[in-house]
file input.cif (mmCIF, C-alpha atoms (C1' of nucleotides); chains and numbers go by the auth columns)
data_target
#
loop_
_atom_site.group_PDB
_atom_site.id
_atom_site.type_symbol
_atom_site.label_atom_id
_atom_site.label_comp_id
_atom_site.label_asym_id
_atom_site.label_seq_id
_atom_site.Cartn_x
_atom_site.Cartn_y
_atom_site.Cartn_z
_atom_site.B_iso_or_equiv
_atom_site.auth_seq_id
_atom_site.auth_asym_id
ATOM 1 C CA MET A 1 -165.169 -186.531 -38.878 0.00 837 A
ATOM 2 C CA ALA A 2 -167.571 -185.238 -41.528 0.00 838 A
ATOM 3 C CA GLN A 3 -169.078 -188.651 -41.858 0.00 839 A
ATOM 4 C CA GLU A 4 -172.649 -187.476 -41.615 0.00 840 A
ATOM 5 C CA SER A 5 -173.043 -186.872 -45.319 0.00 841 A
ATOM 6 C CA ASP A 6 -172.085 -190.463 -46.099 0.00 842 A
ATOM 7 C CA CYS A 7 -174.355 -191.910 -43.493 0.00 843 A
ATOM 8 C CA CYS A 8 -177.111 -189.643 -44.697 0.00 844 A
ATOM 9 C CA SER A 9 -176.774 -190.646 -48.319 0.00 845 A
ATOM 10 C CA PHE A 10 -177.585 -194.173 -47.220 0.00 846 A
ATOM 11 C CA PHE A 11 -180.432 -193.173 -44.973 0.00 847 A
ATOM 12 C CA LYS A 12 -181.874 -190.755 -47.462 0.00 848 A
ATOM 13 C CA ALA A 13 -181.809 -193.540 -50.034 0.00 849 A
ATOM 14 C CA VAL A 14 -183.608 -195.832 -47.665 0.00 850 A
ATOM 15 C CA ALA A 15 -186.116 -193.259 -46.461 0.00 851 A
ATOM 16 C CA ASP A 16 -188.536 -193.889 -49.294 0.00 852 A
ATOM 17 C CA VAL A 17 -191.150 -196.604 -49.334 0.00 853 A
ATOM 18 C CA ASN A 18 -190.767 -197.403 -52.991 0.00 854 A
ATOM 19 C CA ARG A 19 -187.025 -197.687 -52.759 0.00 855 A
ATOM 20 C CA VAL A 20 -187.345 -200.068 -49.840 0.00 856 A
ATOM 21 C CA LYS A 21 -189.772 -202.119 -51.879 0.00 857 A
ATOM 22 C CA ILE A 22 -187.270 -202.268 -54.702 0.00 858 A
ATOM 23 C CA MET A 23 -184.625 -203.383 -52.248 0.00 859 A
ATOM 24 C CA LEU A 24 -186.887 -206.123 -50.950 0.00 860 A
ATOM 25 C CA LEU A 25 -187.474 -207.302 -54.484 0.00 861 A
ATOM 26 C CA LEU A 26 -183.762 -207.360 -55.196 0.00 862 A
ATOM 27 C CA ALA A 27 -183.172 -209.250 -51.966 0.00 863 A
ATOM 28 C CA ARG A 28 -184.742 -212.190 -53.779 0.00 864 A
ATOM 29 C CA GLY A 29 -182.199 -211.971 -56.556 0.00 865 A
ATOM 30 C CA GLU A 30 -180.938 -210.044 -59.513 0.00 866 A
ATOM 31 C CA MET A 31 -183.569 -208.323 -61.632 0.00 867 A
ATOM 32 C CA SER A 32 -183.701 -206.286 -64.805 0.00 868 A
ATOM 33 C CA VAL A 33 -185.251 -202.844 -64.769 0.00 869 A
ATOM 34 C CA SER A 34 -188.296 -203.964 -66.692 0.00 870 A
ATOM 35 C CA GLN A 35 -188.823 -206.856 -64.309 0.00 871 A
ATOM 36 C CA ILE A 36 -188.740 -204.412 -61.431 0.00 872 A
ATOM 37 C CA CYS A 37 -191.148 -202.147 -63.270 0.00 873 A
ATOM 38 C CA GLY A 38 -193.568 -205.054 -63.496 0.00 874 A
ATOM 39 C CA HIS A 39 -194.044 -204.866 -59.736 0.00 875 A
ATOM 40 C CA PHE A 40 -194.957 -201.211 -59.562 0.00 876 A
ATOM 41 C CA LYS A 41 -197.523 -198.772 -60.822 0.00 877 A
ATOM 42 C CA MET A 42 -194.847 -196.134 -61.249 0.00 878 A
ATOM 43 C CA LYS A 43 -193.595 -195.393 -64.716 0.00 879 A
ATOM 44 C CA GLN A 44 -190.228 -196.656 -65.865 0.00 880 A
ATOM 45 C CA PRO A 45 -188.399 -193.319 -65.540 0.00 881 A
ATOM 46 C CA SER A 46 -189.437 -193.124 -61.907 0.00 882 A
ATOM 47 C CA ILE A 47 -188.039 -196.581 -61.301 0.00 883 A
ATOM 48 C CA SER A 48 -184.834 -195.564 -63.036 0.00 884 A
ATOM 49 C CA HIS A 49 -184.691 -192.495 -60.836 0.00 885 A
ATOM 50 C CA HIS A 50 -185.008 -194.591 -57.682 0.00 886 A
ATOM 51 C CA LEU A 51 -182.459 -197.064 -58.950 0.00 887 A
ATOM 52 C CA GLY A 52 -180.129 -194.152 -59.533 0.00 888 A
ATOM 53 C CA VAL A 53 -180.529 -192.971 -55.971 0.00 889 A
ATOM 54 C CA LEU A 54 -179.900 -196.457 -54.636 0.00 890 A
ATOM 55 C CA ARG A 55 -176.946 -196.864 -56.959 0.00 891 A
ATOM 56 C CA ASN A 56 -175.356 -193.587 -55.873 0.00 892 A
ATOM 57 C CA ALA A 57 -175.721 -194.679 -52.287 0.00 893 A
ATOM 58 C CA LYS A 58 -174.073 -198.018 -53.161 0.00 894 A
ATOM 59 C CA VAL A 59 -177.162 -199.808 -51.925 0.00 895 A
ATOM 60 C CA VAL A 60 -177.499 -201.604 -55.240 0.00 896 A
ATOM 61 C CA GLU A 61 -175.111 -202.538 -57.991 0.00 897 A
ATOM 62 C CA CYS A 62 -175.805 -203.276 -61.609 0.00 898 A
ATOM 63 C CA ARG A 63 -174.413 -205.040 -64.608 0.00 899 A
ATOM 64 C CA LYS A 64 -175.301 -204.620 -68.239 0.00 900 A
ATOM 65 C CA GLU A 65 -176.234 -207.555 -70.416 0.00 901 A
ATOM 66 C CA GLY A 66 -177.293 -206.718 -73.940 0.00 902 A
ATOM 67 C CA LYS A 67 -179.906 -204.044 -73.778 0.00 903 A
ATOM 68 C CA GLU A 68 -180.897 -204.952 -70.268 0.00 904 A
ATOM 69 C CA VAL A 69 -179.435 -203.809 -66.997 0.00 905 A
ATOM 70 C CA PHE A 70 -179.593 -206.150 -64.060 0.00 906 A
ATOM 71 C CA TYR A 71 -179.652 -204.784 -60.565 0.00 907 A
ATOM 72 C CA ARG A 72 -178.798 -206.564 -57.357 0.00 908 A
ATOM 73 C CA LEU A 73 -178.851 -205.640 -53.716 0.00 909 A
ATOM 74 C CA ASN A 74 -175.578 -204.793 -52.033 0.00 910 A
ATOM 75 C CA ARG A 75 -176.211 -206.416 -48.697 0.00 911 A
ATOM 76 C CA CYS A 76 -172.816 -205.423 -47.406 0.00 912 A
ATOM 77 C CA CYS A 77 -173.746 -201.779 -47.763 0.00 913 A
ATOM 78 C CA VAL A 78 -176.998 -202.266 -45.930 0.00 914 A
ATOM 79 C CA ASP A 79 -175.375 -204.209 -43.144 0.00 915 A
ATOM 80 C CA SER A 80 -172.357 -201.992 -42.701 0.00 916 A
ATOM 81 C CA SER A 81 -174.389 -198.804 -42.854 0.00 917 A
ATOM 82 C CA CYS A 82 -176.875 -200.012 -40.282 0.00 918 A
ATOM 83 C CA SER A 83 -174.282 -201.585 -38.026 0.00 919 A
ATOM 84 C CA GLY A 84 -172.007 -198.607 -38.304 0.00 920 A
ATOM 85 C CA PHE A 85 -174.832 -196.282 -37.503 0.00 921 A
ATOM 86 C CA MET A 86 -175.874 -198.182 -34.404 0.00 922 A
ATOM 87 C CA LYS A 87 -172.299 -198.283 -33.274 0.00 923 A
ATOM 88 C CA ARG A 88 -172.029 -194.505 -33.340 0.00 924 A
ATOM 89 C CA PHE A 89 -174.492 -194.282 -30.507 0.00 925 A
ATOM 90 C CA THR A 90 -172.848 -196.759 -28.221 0.00 926 A
ATOM 91 C CA ASP A 91 -169.334 -195.614 -28.955 0.00 927 A
ATOM 92 C CA LYS A 92 -168.648 -193.063 -26.254 0.00 928 A
ATOM 93 C CA ALA A 93 -165.647 -191.709 -28.098 0.00 929 A
ATOM 94 C CA GLU A 94 -167.788 -189.944 -30.627 0.00 930 A
ATOM 95 C CA GLY A 95 -169.899 -186.937 -29.945 0.00 931 A
ATOM 96 C CA GLY A 96 -166.986 -184.833 -28.858 0.00 932 A
ATOM 97 C CA GLU A 97 -167.494 -182.499 -31.758 0.00 933 A
ATOM 98 C CA VAL A 98 -170.714 -182.108 -33.638 0.00 934 A
ATOM 99 C CA MET B 1 -197.225 -206.605 -43.815 0.00 1358 B
ATOM 100 C CA ALA B 2 -197.520 -202.857 -44.350 0.00 1359 B
ATOM 101 C CA GLN B 3 -194.471 -202.320 -42.250 0.00 1360 B
ATOM 102 C CA GLU B 4 -192.801 -199.964 -44.654 0.00 1361 B
ATOM 103 C CA SER B 5 -194.408 -196.863 -43.223 0.00 1362 B
ATOM 104 C CA ASP B 6 -193.034 -197.625 -39.756 0.00 1363 B
ATOM 105 C CA CYS B 7 -189.564 -198.395 -40.980 0.00 1364 B
ATOM 106 C CA CYS B 8 -189.669 -195.292 -43.104 0.00 1365 B
ATOM 107 C CA SER B 9 -190.682 -193.029 -40.259 0.00 1366 B
ATOM 108 C CA PHE B 10 -187.461 -194.057 -38.555 0.00 1367 B
ATOM 109 C CA PHE B 11 -185.327 -193.695 -41.640 0.00 1368 B
ATOM 110 C CA LYS B 12 -186.903 -190.437 -42.636 0.00 1369 B
ATOM 111 C CA ALA B 13 -186.171 -189.150 -39.162 0.00 1370 B
ATOM 112 C CA VAL B 14 -182.594 -190.238 -39.447 0.00 1371 B
ATOM 113 C CA ALA B 15 -182.088 -188.992 -42.995 0.00 1372 B
ATOM 114 C CA ASP B 16 -181.188 -185.482 -41.923 0.00 1373 B
ATOM 115 C CA VAL B 17 -177.723 -184.388 -40.893 0.00 1374 B
ATOM 116 C CA ASN B 18 -178.872 -182.067 -38.157 0.00 1375 B
ATOM 117 C CA ARG B 19 -181.091 -184.688 -36.599 0.00 1376 B
ATOM 118 C CA VAL B 20 -178.240 -187.160 -36.576 0.00 1377 B
ATOM 119 C CA LYS B 21 -176.108 -184.532 -34.879 0.00 1378 B
ATOM 120 C CA ILE B 22 -178.786 -184.058 -32.264 0.00 1379 B
ATOM 121 C CA MET B 23 -178.881 -187.810 -31.743 0.00 1380 B
ATOM 122 C CA LEU B 24 -175.125 -187.912 -31.306 0.00 1381 B
ATOM 123 C CA LEU B 25 -175.356 -185.178 -28.719 0.00 1382 B
ATOM 124 C CA LEU B 26 -178.063 -187.029 -26.853 0.00 1383 B
ATOM 125 C CA ALA B 27 -176.005 -190.198 -26.972 0.00 1384 B
ATOM 126 C CA ARG B 28 -173.808 -188.486 -24.410 0.00 1385 B
ATOM 127 C CA GLY B 29 -176.713 -188.017 -22.072 0.00 1386 B
ATOM 128 C CA GLU B 30 -179.936 -186.217 -21.396 0.00 1387 B
ATOM 129 C CA MET B 31 -180.106 -182.594 -22.515 0.00 1388 B
ATOM 130 C CA SER B 32 -182.548 -179.725 -22.366 0.00 1389 B
ATOM 131 C CA VAL B 33 -183.674 -178.025 -25.541 0.00 1390 B
ATOM 132 C CA SER B 34 -181.672 -174.905 -24.833 0.00 1391 B
ATOM 133 C CA GLN B 35 -178.569 -176.961 -24.187 0.00 1392 B
ATOM 134 C CA ILE B 36 -179.053 -178.610 -27.548 0.00 1393 B
ATOM 135 C CA CYS B 37 -179.584 -175.231 -29.144 0.00 1394 B
ATOM 136 C CA GLY B 38 -176.227 -174.164 -27.794 0.00 1395 B
ATOM 137 C CA HIS B 39 -174.550 -176.592 -30.168 0.00 1396 B
ATOM 138 C CA PHE B 40 -176.204 -175.345 -33.353 0.00 1397 B
ATOM 139 C CA LYS B 41 -176.516 -172.259 -35.475 0.00 1398 B
ATOM 140 C CA MET B 42 -180.124 -173.070 -36.147 0.00 1399 B
ATOM 141 C CA LYS B 43 -182.792 -171.130 -34.315 0.00 1400 B
ATOM 142 C CA GLN B 44 -184.668 -172.686 -31.446 0.00 1401 B
ATOM 143 C CA PRO B 45 -187.886 -173.359 -33.378 0.00 1402 B
ATOM 144 C CA SER B 46 -185.936 -175.350 -35.925 0.00 1403 B
ATOM 145 C CA ILE B 47 -184.440 -177.440 -33.173 0.00 1404 B
ATOM 146 C CA SER B 48 -187.898 -177.975 -31.718 0.00 1405 B
ATOM 147 C CA HIS B 49 -189.089 -179.031 -35.141 0.00 1406 B
ATOM 148 C CA HIS B 50 -186.346 -181.629 -35.442 0.00 1407 B
ATOM 149 C CA LEU B 51 -186.959 -182.848 -31.930 0.00 1408 B
ATOM 150 C CA GLY B 52 -190.599 -183.264 -32.851 0.00 1409 B
ATOM 151 C CA VAL B 53 -189.693 -185.401 -35.837 0.00 1410 B
ATOM 152 C CA LEU B 54 -187.378 -187.546 -33.737 0.00 1411 B
ATOM 153 C CA ARG B 55 -189.996 -187.795 -31.015 0.00 1412 B
ATOM 154 C CA ASN B 56 -192.712 -188.910 -33.408 0.00 1413 B
ATOM 155 C CA ALA B 57 -190.379 -191.563 -34.722 0.00 1414 B
ATOM 156 C CA LYS B 58 -189.690 -192.687 -31.132 0.00 1415 B
ATOM 157 C CA VAL B 59 -186.019 -192.022 -31.676 0.00 1416 B
ATOM 158 C CA VAL B 60 -185.925 -189.732 -28.660 0.00 1417 B
ATOM 159 C CA GLU B 61 -187.998 -189.420 -25.539 0.00 1418 B
ATOM 160 C CA CYS B 62 -188.489 -186.464 -23.299 0.00 1419 B
ATOM 161 C CA ARG B 63 -189.465 -185.517 -19.820 0.00 1420 B
ATOM 162 C CA LYS B 64 -190.549 -182.178 -18.487 0.00 1421 B
ATOM 163 C CA GLU B 65 -188.920 -180.625 -15.457 0.00 1422 B
ATOM 164 C CA GLY B 66 -190.100 -177.174 -14.558 0.00 1423 B
ATOM 165 C CA LYS B 67 -189.963 -175.024 -17.605 0.00 1424 B
ATOM 166 C CA GLU B 68 -187.378 -177.175 -19.250 0.00 1425 B
ATOM 167 C CA VAL B 69 -187.812 -180.288 -21.351 0.00 1426 B
ATOM 168 C CA PHE B 70 -185.074 -182.856 -21.278 0.00 1427 B
ATOM 169 C CA TYR B 71 -184.538 -185.102 -24.229 0.00 1428 B
ATOM 170 C CA ARG B 72 -182.747 -188.405 -24.322 0.00 1429 B
ATOM 171 C CA LEU B 73 -181.868 -190.882 -27.028 0.00 1430 B
ATOM 172 C CA ASN B 74 -183.946 -194.022 -27.289 0.00 1431 B
ATOM 173 C CA ARG B 75 -181.202 -196.454 -28.163 0.00 1432 B
ATOM 174 C CA CYS B 76 -183.610 -199.356 -28.277 0.00 1433 B
ATOM 175 C CA CYS B 77 -185.431 -197.709 -31.149 0.00 1434 B
ATOM 176 C CA VAL B 78 -182.232 -197.107 -33.041 0.00 1435 B
ATOM 177 C CA ASP B 79 -181.002 -200.629 -32.493 0.00 1436 B
ATOM 178 C CA SER B 80 -184.250 -202.398 -33.208 0.00 1437 B
ATOM 179 C CA SER B 81 -184.968 -200.314 -36.277 0.00 1438 B
ATOM 180 C CA CYS B 82 -181.531 -200.906 -37.740 0.00 1439 B
ATOM 181 C CA SER B 83 -181.401 -204.569 -36.807 0.00 1440 B
ATOM 182 C CA GLY B 84 -184.920 -205.172 -37.980 0.00 1441 B
ATOM 183 C CA PHE B 85 -184.190 -203.477 -41.243 0.00 1442 B
ATOM 184 C CA MET B 86 -181.084 -205.514 -41.918 0.00 1443 B
ATOM 185 C CA LYS B 87 -182.977 -208.669 -41.085 0.00 1444 B
ATOM 186 C CA ARG B 88 -185.570 -207.987 -43.732 0.00 1445 B
ATOM 187 C CA PHE B 89 -182.975 -208.475 -46.411 0.00 1446 B
ATOM 188 C CA THR B 90 -181.621 -211.747 -45.180 0.00 1447 B
ATOM 189 C CA ASP B 91 -184.990 -213.163 -44.255 0.00 1448 B
ATOM 190 C CA LYS B 92 -186.028 -215.053 -47.367 0.00 1449 B
ATOM 191 C CA ALA B 93 -189.628 -215.300 -46.188 0.00 1450 B
ATOM 192 C CA GLU B 94 -190.280 -211.671 -46.952 0.00 1451 B
ATOM 193 C CA GLY B 95 -190.523 -210.216 -50.385 0.00 1452 B
ATOM 194 C CA GLY B 96 -193.420 -212.402 -51.422 0.00 1453 B
ATOM 195 C CA GLU B 97 -195.667 -209.395 -51.728 0.00 1454 B
ATOM 196 C CA VAL B 98 -194.450 -205.879 -52.227 0.00 1455 B
ATOM 197 C "C1'" DG C 1 -179.045 -198.513 -93.072 0.00 497 C
ATOM 198 C "C1'" DT C 2 -184.074 -198.414 -90.361 0.00 498 C
ATOM 199 C "C1'" DA C 3 -186.904 -200.201 -86.744 0.00 499 C
ATOM 200 C "C1'" DT C 4 -187.681 -201.857 -82.248 0.00 500 C
ATOM 201 C "C1'" DA C 5 -186.692 -202.608 -77.484 0.00 501 C
ATOM 202 C "C1'" DA C 6 -184.577 -201.452 -72.809 0.00 502 C
ATOM 203 C "C1'" DT C 7 -182.875 -198.012 -70.053 0.00 503 C
ATOM 204 C "C1'" DA C 8 -181.407 -193.342 -68.850 0.00 504 C
ATOM 205 C "C1'" DT C 9 -181.796 -188.381 -68.911 0.00 505 C
ATOM 206 C "C1'" DA C 10 -184.062 -183.704 -69.181 0.00 506 C
ATOM 207 C "C1'" DG C 11 -187.464 -180.700 -67.872 0.00 507 C
ATOM 208 C "C1'" DA C 12 -191.920 -179.527 -65.767 0.00 508 C
ATOM 209 C "C1'" DC C 13 -194.758 -179.705 -61.922 0.00 509 C
ATOM 210 C "C1'" DA C 14 -196.747 -180.686 -57.302 0.00 510 C
ATOM 211 C "C1'" DG C 15 -196.084 -181.742 -52.752 0.00 511 C
ATOM 212 C "C1'" DA C 16 -192.904 -182.471 -48.829 0.00 512 C
ATOM 213 C "C1'" DA C 17 -189.452 -180.765 -45.779 0.00 513 C
ATOM 214 C "C1'" DG C 18 -186.244 -177.353 -43.505 0.00 514 C
ATOM 215 C "C1'" DT C 19 -185.550 -172.777 -41.848 0.00 515 C
ATOM 216 C "C1'" DC C 20 -187.002 -168.490 -40.461 0.00 516 C
ATOM 217 C "C1'" DT C 21 -189.932 -164.764 -37.723 0.00 517 C
ATOM 218 C "C1'" DA C 22 -193.680 -164.030 -34.852 0.00 518 C
ATOM 219 C "C1'" DT C 23 -196.526 -165.702 -31.395 0.00 519 C
ATOM 220 C "C1'" DA C 24 -198.750 -168.930 -28.186 0.00 520 C
ATOM 221 C "C1'" DT C 25 -198.325 -171.933 -24.174 0.00 521 C
ATOM 222 C "C1'" DG C 26 -196.814 -173.211 -19.867 0.00 522 C
ATOM 223 C "C1'" DT C 27 -193.835 -172.514 -15.674 0.00 523 C
ATOM 224 C "C1'" DT C 28 -191.525 -170.077 -12.072 0.00 524 C
ATOM 225 C "C1'" DA C 29 -190.484 -165.783 -9.575 0.00 525 C
ATOM 226 C "C1'" DT C 30 -191.643 -161.342 -7.827 0.00 526 C
ATOM 227 C "C1'" DA D 1 -201.250 -160.327 -11.538 0.00 402 D
ATOM 228 C "C1'" DT D 2 -197.160 -159.343 -14.042 0.00 403 D
ATOM 229 C "C1'" DA D 3 -192.778 -160.433 -15.781 0.00 404 D
ATOM 230 C "C1'" DA D 4 -189.298 -163.410 -17.444 0.00 405 D
ATOM 231 C "C1'" DC D 5 -187.950 -167.687 -19.224 0.00 406 D
ATOM 232 C "C1'" DA D 6 -188.204 -172.265 -21.861 0.00 407 D
ATOM 233 C "C1'" DT D 7 -190.410 -174.579 -25.307 0.00 408 D
ATOM 234 C "C1'" DA D 8 -193.848 -175.359 -28.878 0.00 409 D
ATOM 235 C "C1'" DT D 9 -196.759 -173.932 -32.703 0.00 410 D
ATOM 236 C "C1'" DA D 10 -198.279 -171.229 -36.846 0.00 411 D
ATOM 237 C "C1'" DG D 11 -197.409 -169.356 -41.130 0.00 412 D
ATOM 238 C "C1'" DA D 12 -194.384 -167.779 -44.854 0.00 413 D
ATOM 239 C "C1'" DC D 13 -190.742 -168.817 -47.782 0.00 414 D
ATOM 240 C "C1'" DT D 14 -187.363 -171.603 -50.169 0.00 415 D
ATOM 241 C "C1'" DT D 15 -185.239 -175.777 -51.419 0.00 416 D
ATOM 242 C "C1'" DC D 16 -185.504 -180.645 -52.131 0.00 417 D
ATOM 243 C "C1'" DT D 17 -187.832 -184.745 -53.826 0.00 418 D
ATOM 244 C "C1'" DG D 18 -190.924 -187.813 -56.375 0.00 419 D
ATOM 245 C "C1'" DT D 19 -193.601 -188.334 -60.325 0.00 420 D
ATOM 246 C "C1'" DC D 20 -194.797 -187.475 -64.864 0.00 421 D
ATOM 247 C "C1'" DT D 21 -194.111 -186.818 -70.241 0.00 422 D
ATOM 248 C "C1'" DA D 22 -190.984 -186.423 -73.823 0.00 423 D
ATOM 249 C "C1'" DT D 23 -186.703 -187.564 -75.629 0.00 424 D
ATOM 250 C "C1'" DA D 24 -181.922 -189.334 -75.877 0.00 425 D
ATOM 251 C "C1'" DT D 25 -178.932 -193.323 -75.704 0.00 426 D
ATOM 252 C "C1'" DT D 26 -177.535 -197.878 -76.489 0.00 427 D
ATOM 253 C "C1'" DA D 27 -178.149 -202.529 -78.246 0.00 428 D
ATOM 254 C "C1'" DT D 28 -180.241 -205.918 -81.164 0.00 429 D
ATOM 255 C "C1'" DA D 29 -182.901 -207.414 -85.265 0.00 430 D
ATOM 256 C "C1'" DC D 30 -184.338 -206.963 -89.847 0.00 431 D
#

call {"tool": "encode", "arguments": {"input": "input.cif", "output": "structure tokens"}}
result
Amino acid sequence: MAQESDCCSFFKAVADVNRVKIMLLLARGEMSVSQICGHFKMKQPSISHHLGVLRNAKVVECRKEGKEVFYRLNRCCVDSSCSGFMKRFTDKAEGGEV
Amino acid sequence: MAQESDCCSFFKAVADVNRVKIMLLLARGEMSVSQICGHFKMKQPSISHHLGVLRNAKVVECRKEGKEVFYRLNRCCVDSSCSGFMKRFTDKAEGGEV
DNA sequence: GTATAATATAGACAGAAGTCTATATGTTAT
DNA sequence: ATAACATATAGACTTCTGTCTATATTATAC
């Protein structure tokens, strides 16, 4: 099925405290990078790095407006990844090959 | 709330392909360490290491029987961690402090 | 054009994490 | 007590990851 890498890209993205904090911020609404930076001690490049990880994992999406980039949470990704993951452990069909 | 560390211990545990594979195996039922080893190329100490990570995160539980240790999946942990995590992003109350 | 601002990228570095070999611990059998 | 087996732990090594500084990129303003 080779689905582990996908599932893991989500979970790896979410396995960092600062990234979860960013996600919680974005859960309140769209935010520019500098606005996000305002909530952390980390430097801007570190924030950009985390946003990149979240973006690659489809956990957040962004849109450009002028010189700013606005990020928003992709709740669908969070929900489907979590739900899908749970399901894998109740679905008896899986586990045949590992 | 300082809940991030807990949530992250689960997600860190789950953010590794081999650990997810172990979990999928255990979803089929209780298994001894050597049985688990039989499904991987990794050496036994590596398996034990991963089991330790999963155990610390409460993702699996174990019981000793003679010289063998049987591990089983703690579905409750998986479900509550995933559900709880999803909830944090729909619950508007959170996000006040980060 | 140059300057300034917002974000991303590159590279260095430290610390975390995964895998290995070797060994310790604990359990059963002889 | 000794041996054999199952599992865990310790330590070394390598790779991955998070953070930083410095710089590149892109957009606006002058």

call {"tool": "atom_distance", "arguments": {"input": "input.cif", "atom1": "atom CA of Arg908 of chain A", "atom2": "atom CA of Ala863 of chain A"}}
result
7.4 Å

call {"tool": "resolve_selection", "arguments": {"input": "input.cif", "expression": "the PyMOL selection byres ((chain A and resi 882) around 12)", "output": "list in words"}}
result
Asn854, Arg855, Ile858, Val869, Ser870, Ile872, Cys873, Phe876, Lys877, Met878, Lys879, Gln880, Pro881, Ile883, Ser884, His885, His886, Leu887, Gly888 and Val889 of chain A; DT503, DA504 and DT505 of chain C; DT418, DG419, DT420, DC421 and DT422 of chain D

call {"tool": "calpha_fit_and_write", "arguments": {"input": "input.cif", "fixed": "chain B", "moving": "chain A", "output": "compact mmCIF listing (two decimals) with C-alpha atoms, in the frame of the given file"}}
result
# COMPACT_ATOMS: atom_id res chain seq x y z
CA MET A 837 -197.38 -206.51 -43.96
CA ALA A 838 -197.63 -202.74 -44.41
CA GLN A 839 -194.58 -202.27 -42.28
CA GLU A 840 -192.85 -199.93 -44.68
CA SER A 841 -194.41 -196.80 -43.25
CA ASP A 842 -193.07 -197.60 -39.79
CA CYS A 843 -189.62 -198.40 -41.03
CA CYS A 844 -189.69 -195.27 -43.12
CA SER A 845 -190.69 -193.01 -40.27
CA PHE A 846 -187.48 -194.06 -38.57
CA PHE A 847 -185.34 -193.70 -41.64
CA LYS A 848 -186.89 -190.43 -42.64
CA ALA A 849 -186.16 -189.15 -39.14
CA VAL A 850 -182.58 -190.26 -39.44
CA ALA A 851 -182.08 -189.01 -42.98
CA ASP A 852 -181.16 -185.50 -41.91
CA VAL A 853 -177.71 -184.39 -40.89
CA ASN A 854 -178.88 -182.09 -38.15
CA ARG A 855 -181.10 -184.70 -36.61
CA VAL A 856 -178.24 -187.17 -36.56
CA LYS A 857 -176.11 -184.55 -34.87
CA ILE A 858 -178.78 -184.08 -32.24
CA MET A 859 -178.88 -187.82 -31.73
CA LEU A 860 -175.13 -187.93 -31.28
CA LEU A 861 -175.36 -185.18 -28.71
CA LEU A 862 -178.07 -187.03 -26.83
CA ALA A 863 -176.01 -190.20 -26.96
CA ARG A 864 -173.80 -188.48 -24.40
CA GLY A 865 -176.71 -187.99 -22.06
CA GLU A 866 -179.93 -186.19 -21.38
CA MET A 867 -180.09 -182.58 -22.53
CA SER A 868 -182.53 -179.71 -22.35
CA VAL A 869 -183.67 -178.01 -25.53
CA SER A 870 -181.68 -174.89 -24.83
CA GLN A 871 -178.56 -176.94 -24.20
CA ILE A 872 -179.05 -178.61 -27.55
CA CYS A 873 -179.60 -175.23 -29.16
CA GLY A 874 -176.23 -174.14 -27.82
CA HIS A 875 -174.57 -176.59 -30.20
CA PHE A 876 -176.21 -175.36 -33.36
CA LYS A 877 -176.54 -172.27 -35.48
CA MET A 878 -180.17 -173.10 -36.16
CA LYS A 879 -182.82 -171.16 -34.33
CA GLN A 880 -184.71 -172.72 -31.46
CA PRO A 881 -187.93 -173.41 -33.40
CA SER A 882 -185.95 -175.41 -35.93
CA ILE A 883 -184.45 -177.48 -33.16
CA SER A 884 -187.91 -178.01 -31.72
CA HIS A 885 -189.10 -179.08 -35.14
CA HIS A 886 -186.33 -181.67 -35.43
CA LEU A 887 -186.95 -182.87 -31.91
CA GLY A 888 -190.58 -183.30 -32.85
CA VAL A 889 -189.68 -185.44 -35.82
CA LEU A 890 -187.36 -187.57 -33.72
CA ARG A 891 -189.98 -187.81 -31.00
CA ASN A 892 -192.70 -188.93 -33.41
CA ALA A 893 -190.37 -191.59 -34.70
CA LYS A 894 -189.68 -192.70 -31.10
CA VAL A 895 -186.01 -192.04 -31.65
CA VAL A 896 -185.93 -189.75 -28.64
CA GLU A 897 -187.99 -189.42 -25.52
CA CYS A 898 -188.47 -186.45 -23.26
CA ARG A 899 -189.44 -185.49 -19.77
CA LYS A 900 -190.53 -182.14 -18.45
CA GLU A 901 -188.88 -180.56 -15.44
CA GLY A 902 -190.08 -177.09 -14.55
CA LYS A 903 -189.97 -174.98 -17.64
CA GLU A 904 -187.37 -177.15 -19.27
CA VAL A 905 -187.80 -180.26 -21.34
CA PHE A 906 -185.07 -182.84 -21.26
CA TYR A 907 -184.54 -185.11 -24.21
CA ARG A 908 -182.73 -188.41 -24.31
CA LEU A 909 -181.87 -190.88 -27.01
CA ASN A 910 -183.93 -194.03 -27.28
CA ARG A 911 -181.18 -196.45 -28.14
CA CYS A 912 -183.58 -199.35 -28.27
CA CYS A 913 -185.41 -197.72 -31.14
CA VAL A 914 -182.22 -197.12 -33.04
CA ASP A 915 -180.99 -200.63 -32.49
CA SER A 916 -184.24 -202.40 -33.20
CA SER A 917 -184.97 -200.32 -36.27
CA CYS A 918 -181.54 -200.90 -37.75
CA SER A 919 -181.40 -204.56 -36.81
CA GLY A 920 -184.91 -205.17 -37.98
CA PHE A 921 -184.20 -203.47 -41.24
CA MET A 922 -181.09 -205.51 -41.93
CA LYS A 923 -182.97 -208.64 -41.08
CA ARG A 924 -185.58 -207.96 -43.74
CA PHE A 925 -182.98 -208.45 -46.41
CA THR A 926 -181.61 -211.72 -45.19
CA ASP A 927 -184.97 -213.16 -44.27
CA LYS A 928 -186.00 -215.06 -47.37
CA ALA A 929 -189.58 -215.31 -46.20
CA GLU A 930 -190.25 -211.70 -46.96
CA GLY A 931 -190.49 -210.22 -50.38
CA GLY A 932 -193.35 -212.43 -51.40
CA GLU A 933 -195.62 -209.46 -51.75
CA VAL A 934 -194.45 -205.93 -52.26

call {"tool": "resolve_selection", "arguments": {"input": "input.cif", "expression": "the PyMOL selection byres ((chain C) within 9 of (chain B))", "output": "list of chain:residue names"}}
result
C:DG514, C:DT515, C:DC516, C:DG522, C:DT523, C:DT524

call {"tool": "interface_residues", "arguments": {"input": "input.cif", "of": "chain D", "to": "chain B", "cutoff": "9 Å", "atoms": "only C-alpha atoms (C1' of nucleotides)", "output": "PyMOL selection string"}}
result
chain D and resi 406-410
